[in-house]
$ cat start_16.txt   # compact mmCIF, C-alpha atoms and all ligand atoms
# COMPACT_ATOMS: atom_id res chain seq x y z
CA MET C 220 40.78 -43.70 -181.38
CA ILE C 221 38.28 -46.39 -180.47
CA GLY C 222 39.74 -48.82 -177.95
CA GLN C 223 42.62 -46.48 -177.19
CA PRO C 224 43.19 -46.16 -173.46
CA ALA C 225 43.06 -42.61 -172.16
CA LEU C 226 46.54 -41.23 -171.64
CA GLU C 227 47.48 -40.40 -168.07
CA PRO C 228 48.61 -36.79 -167.81
CA ALA C 229 52.29 -36.52 -166.87
CA THR C 230 51.39 -34.79 -163.63
CA ALA C 231 47.91 -35.68 -162.40
CA ALA C 232 45.87 -32.93 -160.75
CA PRO C 233 45.78 -33.24 -156.97
CA VAL C 234 42.63 -35.03 -155.88
CA LEU C 235 41.95 -32.31 -153.32
CA GLU C 236 43.32 -28.79 -153.26
CA ALA C 237 42.76 -25.71 -151.11
CA ARG C 238 43.77 -22.37 -152.60
CA ASP C 239 44.34 -19.47 -150.27
CA LEU C 240 41.40 -20.22 -147.98
CA VAL C 241 40.40 -17.43 -145.62
CA LYS C 242 37.70 -17.50 -142.95
CA HIS C 243 36.85 -14.53 -140.77
CA PHE C 244 34.21 -14.82 -138.06
CA THR C 245 32.48 -11.56 -137.29
CA ALA C 246 30.69 -11.23 -133.97
CA ARG C 247 27.09 -10.12 -134.36
CA ARG C 248 26.70 -6.39 -133.63
CA ARG C 249 24.92 -5.71 -130.38
CA LEU C 250 23.36 -2.47 -129.29
CA LEU C 251 25.75 -0.22 -127.35
CA VAL C 252 28.58 -2.76 -127.64
CA PRO C 253 31.51 -1.66 -129.80
CA ALA C 254 32.04 -3.92 -132.84
CA LEU C 255 34.78 -6.48 -132.29
CA ALA C 256 37.47 -6.96 -134.89
CA PRO C 257 36.70 -10.10 -136.93
CA LEU C 258 38.36 -13.25 -135.67
CA ARG C 259 40.63 -14.51 -138.42
CA ALA C 260 40.39 -18.23 -137.92
CA VAL C 261 41.99 -19.22 -141.24
CA GLN C 262 44.30 -16.73 -142.92
CA GLY C 263 45.21 -17.92 -146.40
CA VAL C 264 45.75 -21.67 -146.25
CA SER C 265 46.70 -23.67 -149.34
CA PHE C 266 47.42 -27.36 -149.70
CA GLN C 267 47.33 -30.15 -152.26
CA VAL C 268 46.78 -33.85 -151.68
CA GLN C 269 47.63 -36.38 -154.36
CA ARG C 270 45.49 -39.46 -154.87
CA GLY C 271 46.22 -42.19 -152.34
CA GLN C 272 48.29 -39.87 -150.15
CA ALA C 273 47.71 -38.74 -146.58
CA LEU C 274 48.23 -35.10 -145.67
CA GLY C 275 48.56 -34.36 -141.97
CA ILE C 276 47.52 -30.94 -140.66
CA VAL C 277 48.80 -30.33 -137.15
CA GLY C 278 48.60 -27.45 -134.76
CA GLU C 279 47.44 -26.70 -131.28
CA SER C 280 43.85 -26.27 -130.21
CA GLY C 281 42.24 -23.11 -131.56
CA CYS C 282 44.64 -22.63 -134.49
CA GLY C 283 41.87 -23.08 -137.05
CA LYS C 284 42.09 -26.77 -138.00
CA SER C 285 38.38 -27.57 -137.68
CA THR C 286 37.45 -24.33 -139.42
CA LEU C 287 39.73 -25.32 -142.29
CA ALA C 288 38.15 -28.79 -142.42
CA LYS C 289 34.66 -27.27 -142.49
CA LEU C 290 35.68 -24.94 -145.31
CA VAL C 291 36.90 -27.92 -147.32
CA MET C 292 33.68 -29.84 -146.57
CA GLY C 293 31.52 -26.88 -147.57
CA LEU C 294 30.12 -26.63 -144.02
CA HIS C 295 31.46 -23.05 -143.81
CA GLU C 296 31.39 -20.49 -146.61
CA PRO C 297 34.97 -19.21 -147.11
CA SER C 298 35.54 -15.45 -146.79
CA SER C 299 37.75 -16.01 -149.82
CA GLY C 300 39.64 -18.80 -151.52
CA THR C 301 38.66 -21.99 -153.30
CA VAL C 302 38.54 -25.74 -152.80
CA LEU C 303 39.07 -28.01 -155.80
CA LEU C 304 38.22 -31.68 -156.17
CA ASP C 305 40.05 -33.26 -159.12
CA GLY C 306 40.70 -29.74 -160.34
CA ARG C 307 37.02 -28.70 -160.20
CA ASP C 308 35.82 -25.86 -157.99
CA VAL C 309 33.68 -27.61 -155.37
CA SER C 310 31.21 -24.73 -155.27
CA GLU C 311 30.16 -25.96 -158.73
CA ILE C 312 29.87 -29.62 -157.72
CA PRO C 313 26.38 -30.77 -156.61
CA ARG C 314 26.34 -31.68 -152.89
CA THR C 315 25.37 -35.32 -153.51
CA GLU C 316 28.17 -35.80 -155.99
CA PHE C 317 30.62 -34.23 -153.52
CA ALA C 318 29.34 -36.48 -150.70
CA ARG C 319 29.94 -39.56 -152.86
CA ARG C 320 33.61 -38.59 -153.06
CA VAL C 321 34.49 -36.77 -149.84
CA GLN C 322 33.38 -37.61 -146.29
CA PHE C 323 34.10 -36.24 -142.84
CA VAL C 324 35.15 -38.33 -139.82
CA PHE C 325 34.57 -36.42 -136.59
CA GLN C 326 36.59 -36.30 -133.40
CA ASP C 327 33.67 -37.38 -131.28
CA PRO C 328 31.68 -40.13 -132.97
CA TYR C 329 29.22 -40.10 -130.07
CA SER C 330 27.90 -36.68 -130.91
CA SER C 331 27.95 -37.36 -134.64
CA LEU C 332 25.97 -40.63 -134.37
CA ASN C 333 22.25 -40.50 -133.70
CA PRO C 334 21.73 -42.26 -130.32
CA ARG C 335 18.36 -43.60 -131.49
CA LYS C 336 19.69 -45.31 -134.60
CA THR C 337 21.37 -48.68 -134.77
CA VAL C 338 24.54 -49.03 -136.80
CA ARG C 339 22.51 -50.60 -139.60
CA GLN C 340 20.14 -47.63 -139.64
CA ALA C 341 23.07 -45.18 -139.57
CA LEU C 342 24.69 -46.88 -142.56
CA ASP C 343 21.40 -47.23 -144.41
CA ALA C 344 21.06 -43.59 -145.49
CA PRO C 345 24.45 -43.28 -147.24
CA LEU C 346 24.12 -46.82 -148.69
CA ARG C 347 20.73 -45.93 -150.14
CA HIS C 348 21.15 -42.30 -151.19
CA LEU C 349 24.85 -42.09 -152.00
CA ALA C 350 25.86 -45.65 -152.97
CA GLY C 351 22.42 -46.26 -154.57
CA LEU C 352 22.03 -49.82 -153.22
CA ASP C 353 18.75 -51.75 -152.93
CA ALA C 354 17.75 -53.46 -149.66
CA PRO C 355 19.53 -56.83 -150.17
CA ALA C 356 22.68 -55.08 -151.41
CA ARG C 357 22.59 -52.72 -148.40
CA ARG C 358 22.40 -55.71 -146.06
CA ALA C 359 25.39 -57.34 -147.69
CA ARG C 360 27.36 -54.10 -147.81
CA THR C 361 26.65 -53.37 -144.12
CA ALA C 362 28.18 -56.73 -143.18
CA GLU C 363 31.13 -56.05 -145.47
CA LEU C 364 31.72 -52.56 -144.01
CA LEU C 365 31.61 -53.84 -140.44
CA ASP C 366 34.12 -56.52 -141.33
CA LEU C 367 36.30 -53.90 -143.02
CA VAL C 368 36.48 -51.78 -139.85
CA GLY C 369 37.00 -54.79 -137.58
CA LEU C 370 33.53 -55.03 -135.99
CA ARG C 371 31.51 -58.24 -135.64
CA ALA C 372 28.45 -58.66 -137.87
CA GLU C 373 26.01 -58.72 -134.95
CA PHE C 374 27.05 -55.18 -134.00
CA ALA C 375 24.87 -53.97 -136.88
CA ASP C 376 21.78 -53.99 -134.70
CA ARG C 377 23.29 -52.23 -131.70
CA TYR C 378 23.01 -48.59 -130.65
CA PRO C 379 25.92 -46.13 -130.22
CA HIS C 380 25.78 -46.26 -126.41
CA GLU C 381 26.50 -50.00 -126.53
CA PHE C 382 29.95 -49.38 -128.00
CA SER C 383 33.30 -48.32 -126.58
CA GLY C 384 34.90 -45.12 -127.88
CA GLY C 385 37.15 -47.02 -130.27
CA GLN C 386 34.26 -49.11 -131.61
CA ARG C 387 32.18 -45.97 -132.13
CA GLN C 388 34.98 -44.42 -134.14
CA ARG C 389 35.06 -47.61 -136.24
CA VAL C 390 31.34 -47.09 -136.89
CA GLY C 391 32.10 -43.47 -137.86
CA ILE C 392 34.69 -44.70 -140.36
CA ALA C 393 32.29 -47.35 -141.75
CA ARG C 394 29.64 -44.67 -142.22
CA ALA C 395 32.09 -42.47 -144.14
CA LEU C 396 33.02 -45.40 -146.38
CA ALA C 397 29.36 -46.37 -146.92
CA SER C 398 29.00 -43.33 -149.16
CA THR C 399 31.59 -44.68 -151.72
CA ALA C 400 33.91 -41.80 -150.73
CA ASP C 401 37.58 -42.16 -151.62
CA VAL C 402 38.64 -38.96 -149.82
CA LEU C 403 38.30 -38.74 -146.04
CA LEU C 404 38.77 -35.62 -143.95
CA LEU C 405 39.50 -36.83 -140.45
CA ASP C 406 39.27 -34.14 -137.77
CA GLU C 407 41.18 -35.40 -134.72
CA PRO C 408 39.66 -38.88 -135.13
CA VAL C 409 41.64 -40.40 -132.28
CA SER C 410 42.01 -37.44 -129.90
CA ALA C 411 39.12 -38.58 -127.70
CA LEU C 412 40.44 -42.15 -127.38
CA ASP C 413 42.77 -43.83 -124.88
CA VAL C 414 46.34 -44.13 -126.13
CA SER C 415 46.19 -47.91 -126.69
CA VAL C 416 42.90 -47.57 -128.59
CA GLN C 417 44.36 -44.68 -130.59
CA ALA C 418 47.04 -47.00 -131.94
CA GLN C 419 44.44 -49.59 -133.00
CA VAL C 420 42.31 -47.03 -134.83
CA LEU C 421 45.39 -45.52 -136.49
CA ASN C 422 46.42 -49.01 -137.63
CA LEU C 423 42.95 -49.56 -139.05
CA LEU C 424 43.11 -46.23 -140.90
CA ARG C 425 46.50 -47.09 -142.36
CA GLN C 426 45.31 -50.53 -143.45
CA LEU C 427 42.11 -49.14 -145.02
CA GLN C 428 44.08 -46.50 -146.86
CA GLN C 429 46.28 -49.14 -148.45
CA GLU C 430 43.48 -51.61 -149.23
CA LEU C 431 41.08 -49.05 -150.65
CA SER C 432 43.57 -46.47 -152.04
CA LEU C 433 41.99 -43.74 -149.94
CA THR C 434 43.16 -40.15 -149.81
CA TYR C 435 43.29 -38.62 -146.32
CA VAL C 436 43.43 -35.17 -144.84
CA PHE C 437 44.26 -36.05 -141.27
CA ILE C 438 43.92 -33.31 -138.65
CA ALA C 439 45.63 -33.67 -135.28
CA HIS C 440 46.95 -31.51 -132.48
CA ASP C 441 49.78 -33.95 -131.90
CA LEU C 442 52.65 -34.48 -134.30
CA ALA C 443 53.26 -37.99 -132.98
CA VAL C 444 49.88 -39.10 -134.32
CA VAL C 445 50.62 -38.07 -137.91
CA GLU C 446 54.22 -39.25 -138.03
CA ASN C 447 53.54 -42.79 -139.18
CA LEU C 448 50.31 -42.25 -141.07
CA CYS C 449 50.99 -39.21 -143.24
CA ASP C 450 53.09 -38.70 -146.35
CA GLU C 451 53.06 -34.92 -146.09
CA VAL C 452 52.62 -32.76 -143.02
CA SER C 453 51.44 -29.14 -142.77
CA VAL C 454 52.00 -27.37 -139.48
CA MET C 455 49.45 -24.65 -138.64
CA TYR C 456 49.88 -21.81 -136.21
CA LEU C 457 47.07 -19.31 -135.56
CA GLY C 458 45.34 -19.61 -138.90
CA ARG C 459 48.37 -20.04 -141.12
CA ILE C 460 50.55 -22.87 -142.35
CA VAL C 461 54.07 -22.21 -141.08
CA GLU C 462 55.81 -25.26 -142.53
CA GLN C 463 54.93 -28.02 -144.95
CA ALA C 464 57.10 -30.95 -145.91
CA PRO C 465 57.20 -34.69 -146.52
CA ALA C 466 56.73 -36.33 -143.11
CA GLU C 467 60.26 -37.75 -142.89
CA VAL C 468 61.74 -34.35 -143.75
CA LEU C 469 59.59 -32.50 -141.25
CA PHE C 470 60.33 -34.98 -138.49
CA GLY C 471 64.00 -35.26 -139.43
CA SER C 472 64.80 -31.57 -139.85
CA PRO C 473 62.00 -29.11 -139.17
CA ARG C 474 63.01 -25.61 -140.25
CA HIS C 475 60.41 -23.54 -138.40
CA PRO C 476 60.89 -22.89 -134.68
CA TYR C 477 57.29 -23.96 -133.95
CA PRO C 478 57.59 -27.59 -135.10
CA HIS C 479 60.83 -27.70 -133.13
CA THR C 480 58.82 -26.73 -130.09
CA LEU C 481 56.14 -29.32 -130.85
CA LEU C 482 58.65 -32.10 -131.51
CA SER C 483 60.45 -31.41 -128.29
CA ALA C 484 57.15 -32.07 -126.49
CA ILE C 485 56.77 -35.60 -127.86
CA PRO C 486 57.47 -37.90 -124.92
CA THR C 487 59.38 -40.68 -126.67
CA GLY C 488 62.77 -41.46 -125.25
CA ASP C 489 64.74 -41.33 -128.47
CA ARG C 490 63.21 -38.19 -129.77
CA SER C 491 63.58 -36.23 -126.56
CA GLN C 492 67.23 -37.29 -126.44
CA ARG C 493 67.75 -36.20 -130.01
CA ARG C 494 65.75 -32.98 -129.84
CA LEU C 495 66.48 -29.83 -128.08
CA ARG C 496 63.68 -28.78 -125.78
CA VAL C 497 62.40 -25.35 -126.61
CA ALA C 498 60.56 -23.84 -123.71
CA ALA C 499 57.44 -21.96 -124.75
CA PRO C 500 56.43 -19.23 -122.32
CA ALA C 501 53.06 -20.30 -120.95
CA GLY C 502 49.94 -18.52 -122.07
CA VAL C 503 51.55 -16.22 -124.61
CA ASP C 504 49.93 -16.25 -127.99
CA GLY C 505 50.20 -13.95 -130.93
CA PRO C 506 47.12 -11.85 -131.54
CA ALA C 507 44.98 -13.68 -134.07
CA GLY C 508 43.48 -10.41 -135.22
CA SER C 509 46.57 -8.27 -135.72
CA ASP C 510 48.92 -7.84 -138.64
CA GLY C 511 51.73 -6.81 -136.35
CA GLY C 512 54.17 -9.53 -137.37
CA CYS C 513 54.77 -13.24 -137.01
CA ALA C 514 52.09 -14.73 -134.77
CA PHE C 515 54.65 -17.12 -133.28
CA ALA C 516 57.05 -14.31 -132.28
CA PRO C 517 55.91 -14.12 -128.62
CA ARG C 518 56.87 -17.78 -128.15
CA CYS C 519 59.88 -17.94 -130.42
CA TYR C 520 63.46 -18.45 -129.31
CA ARG C 521 64.72 -16.78 -132.48
CA VAL C 522 62.66 -13.62 -132.27
CA GLU C 523 64.21 -10.42 -133.61
CA GLU C 524 62.88 -6.96 -134.34
CA ARG C 525 61.45 -7.68 -137.82
CA CYS C 526 59.44 -10.65 -136.48
CA ASN C 527 57.27 -8.15 -134.61
CA THR C 528 56.70 -5.96 -137.64
CA HIS C 529 56.56 -8.25 -140.67
CA VAL C 530 54.56 -11.44 -141.21
CA PRO C 531 56.99 -13.93 -142.79
CA PRO C 532 55.53 -15.30 -146.05
CA LEU C 533 55.65 -19.02 -146.85
CA SER C 534 58.87 -19.45 -148.80
CA ALA C 535 58.80 -20.87 -152.31
CA GLU C 536 62.21 -22.49 -151.78
CA PRO C 537 63.10 -25.23 -151.44
CA ALA C 538 60.34 -26.71 -153.57
CA GLY C 539 58.14 -29.03 -151.55
CA HIS C 540 59.26 -27.63 -148.20
CA PRO C 541 57.82 -24.14 -147.69
CA VAL C 542 58.49 -22.42 -144.37
CA ALA C 543 57.15 -19.15 -142.99
CA CYS C 544 60.04 -17.85 -140.91
CA HIS C 545 62.41 -14.91 -141.47
CA PHE C 546 65.22 -17.28 -140.52
CA ALA C 547 64.07 -20.30 -142.53
CA ASP C 548 67.41 -20.53 -144.26
CA ASP C 549 69.42 -20.67 -141.08
CA THR C 550 67.05 -22.08 -138.46
CA ASP C 551 69.27 -24.10 -136.24
CA PRO C 552 67.88 -24.50 -132.76
CA GLU C 553 71.04 -26.17 -131.46
CA GLU C 554 72.77 -22.90 -132.15
CA HIS C 555 70.16 -20.37 -131.18
CA ALA C 556 68.03 -21.73 -128.35
CA GLY C 557 68.66 -20.66 -124.93
N1 LIG V 601 31.42 -20.65 -135.70
C1 LIG V 601 32.37 -19.88 -135.14
N2 LIG V 601 32.11 -18.59 -134.81
C2 LIG V 601 33.06 -17.81 -134.26
N3 LIG V 601 34.32 -18.21 -133.99
C3 LIG V 601 34.63 -19.48 -134.28
C4 LIG V 601 33.69 -20.39 -134.87
N4 LIG V 601 34.29 -21.60 -135.04
C5 LIG V 601 35.55 -21.45 -134.60
N5 LIG V 601 35.76 -20.19 -134.14
C6 LIG V 601 37.03 -19.65 -133.60
O1 LIG V 601 38.02 -19.85 -134.59
C7 LIG V 601 39.27 -20.23 -134.00
C8 LIG V 601 39.71 -21.57 -134.57
O2 LIG V 601 38.83 -22.58 -134.09
P1 LIG V 601 38.91 -24.09 -134.62
O3 LIG V 601 38.93 -24.08 -136.09
O4 LIG V 601 37.84 -24.86 -133.95
O5 LIG V 601 40.35 -24.53 -134.07
P2 LIG V 601 40.96 -26.00 -133.83
O6 LIG V 601 40.10 -26.98 -134.55
O7 LIG V 601 42.35 -25.90 -134.39
O8 LIG V 601 40.97 -26.21 -132.35
C9 LIG V 601 39.02 -20.27 -132.50
O9 LIG V 601 39.45 -19.03 -131.97
C10 LIG V 601 37.53 -20.43 -132.40
O10 LIG V 601 37.04 -19.87 -131.21
MG MG V 602 39.18 -28.71 -133.86
$ encode --input "start_16.txt" --output "structure tokens"
Amino acid sequence: MIGQPALEPATAAPVLEARDLVKHFTARRRLLVPALAPLRAVQGVSFQVQRGQALGIVGESGCGKSTLAKLVMGLHEPSSGTVLLDGRDVSEIPRTEFARRVQFVFQDPYSSLNPRKTVRQALDAPLRHLAGLDAPARRARTAELLDLVGLRAEFADRYPHEFSGGQRQRVGIARALASTADVLLLDEPVSALDVSVQAQVLNLLRQLQQELSLTYVFIAHDLAVVENLCDEVSVMYLGRIVEQAPAEVLFGSPRHPYPHTLLSAIPTGDRSQRRLRVAAPAGVDGPAGSDGGCAFAPRCYRVEERCNTHVPPLSAEPAGHPVACHFADDTDPEEHAG
């Protein structure tokens, strides 16, 4: 067998996988205050990302996206469920080894960068401890990383407050890449930026993904942001995934009423012409703590009796496009909306 190349398995394991992740937050008991029901931030979320692919996870604020990201990063202990990296349970992978493969990019690079450290100093720790580079190699790699994210070499000796929001996010991306990671979890990386800057950072992310064969889990509260970047999109609503599909399928023909609602809110001329607007009653949300039925029911234009009594499971059919709606097979907003 010497000299024989290893055979590629017919279906490679996903590089990153979440299996039925659950996270409940329990308020600390206080004297004379009745115990609150636990807040179920993430209620059984599963996903798989193949190497070199980008998975988008979208949903509105408070639906559990950051909690999910922290579970994947090992920053929260799951109440139950597992995360696998190349098929290995991450709870068995040493933290340093995990950090060499998977890195987090935060929404707000200002709060995640130390204001007293220059860019060079911020990159130094991962270059030394994770990439294992000596001083001359770190110098060279710092210049290379800055070039990669579109920053001039002299920026290396500047402090975070000397940068614009977009430049700071470029530093955040450079720091993630300094570790040798090939998997990036990006939690709303452009949400804090102006729209024109958002587009530049998204272009950079797309370009880096292609050049470096990166795998992304890209979290956003806006479907428009993931449309061009992601191969697959999962839509979350109050702790659960309600629909998952290849991006072009989800954007072309969403089957769950919630993505219909989201898509109708995207302010691009064509799309709003093409899409039916589904009015969501303001301020009505399903109870995150109850089992009473579909959490989206109070906002849904298709709601019927069983939606209030039974949580719709994620369908197994069709393969590759699971939907959690009692009417998944006949969701047609043109027919049923108001
Ligand atoms: N550390 C925590 N302790 C208690 N509740 C939390 C904690 N982190 C998040 N939550 C709650 O979990 C829910 C989901 O929050 P989060 O994951 O931040 O949502 P998103 O990122 O989608 O806006 C929210 O109701 C939030 O208040
Ligand atoms: Mg968040």
$ residues_near_ligand --input "start_16.txt" --ligand "ligand MG 602 (chain V)" --cutoff "9 Å" --atoms "only C-alpha atoms and all ligand atoms" --output "PyMOL selection string"
chain C and resi 279-286+288+326+406-407+438-440
$ residues_around --input "start_16.txt" --residues "Gly293 in chain C" --least-positions-apart "2" --cutoff "9 Å" --atoms "only C-alpha atoms" --output "ChimeraX atom specification"
/C:288-291,295-297,302,309-310,314
$ closest_residue --input "start_16.txt" --among "C:Ser398, C:Thr301, C:Gln419, C:Ser432" --to "Phe266 in chain C" --atoms "only C-alpha atoms"
C:Thr301
$ atom_distance --input "start_16.txt" --atom1 "CA of Leu240 in chain C" --atom2 "CA of Gly263 in chain C"
4.7 Å
$ atom_distance --input "start_16.txt" --atom1 "CA of Leu342 in chain C" --atom2 "CA of Val390 in chain C"
8.7 Å
$ atom_distance --input "start_16.txt" --atom1 "CA of Phe382 in chain C" --atom2 "CA of Ala344 in chain C"
20.5 Å
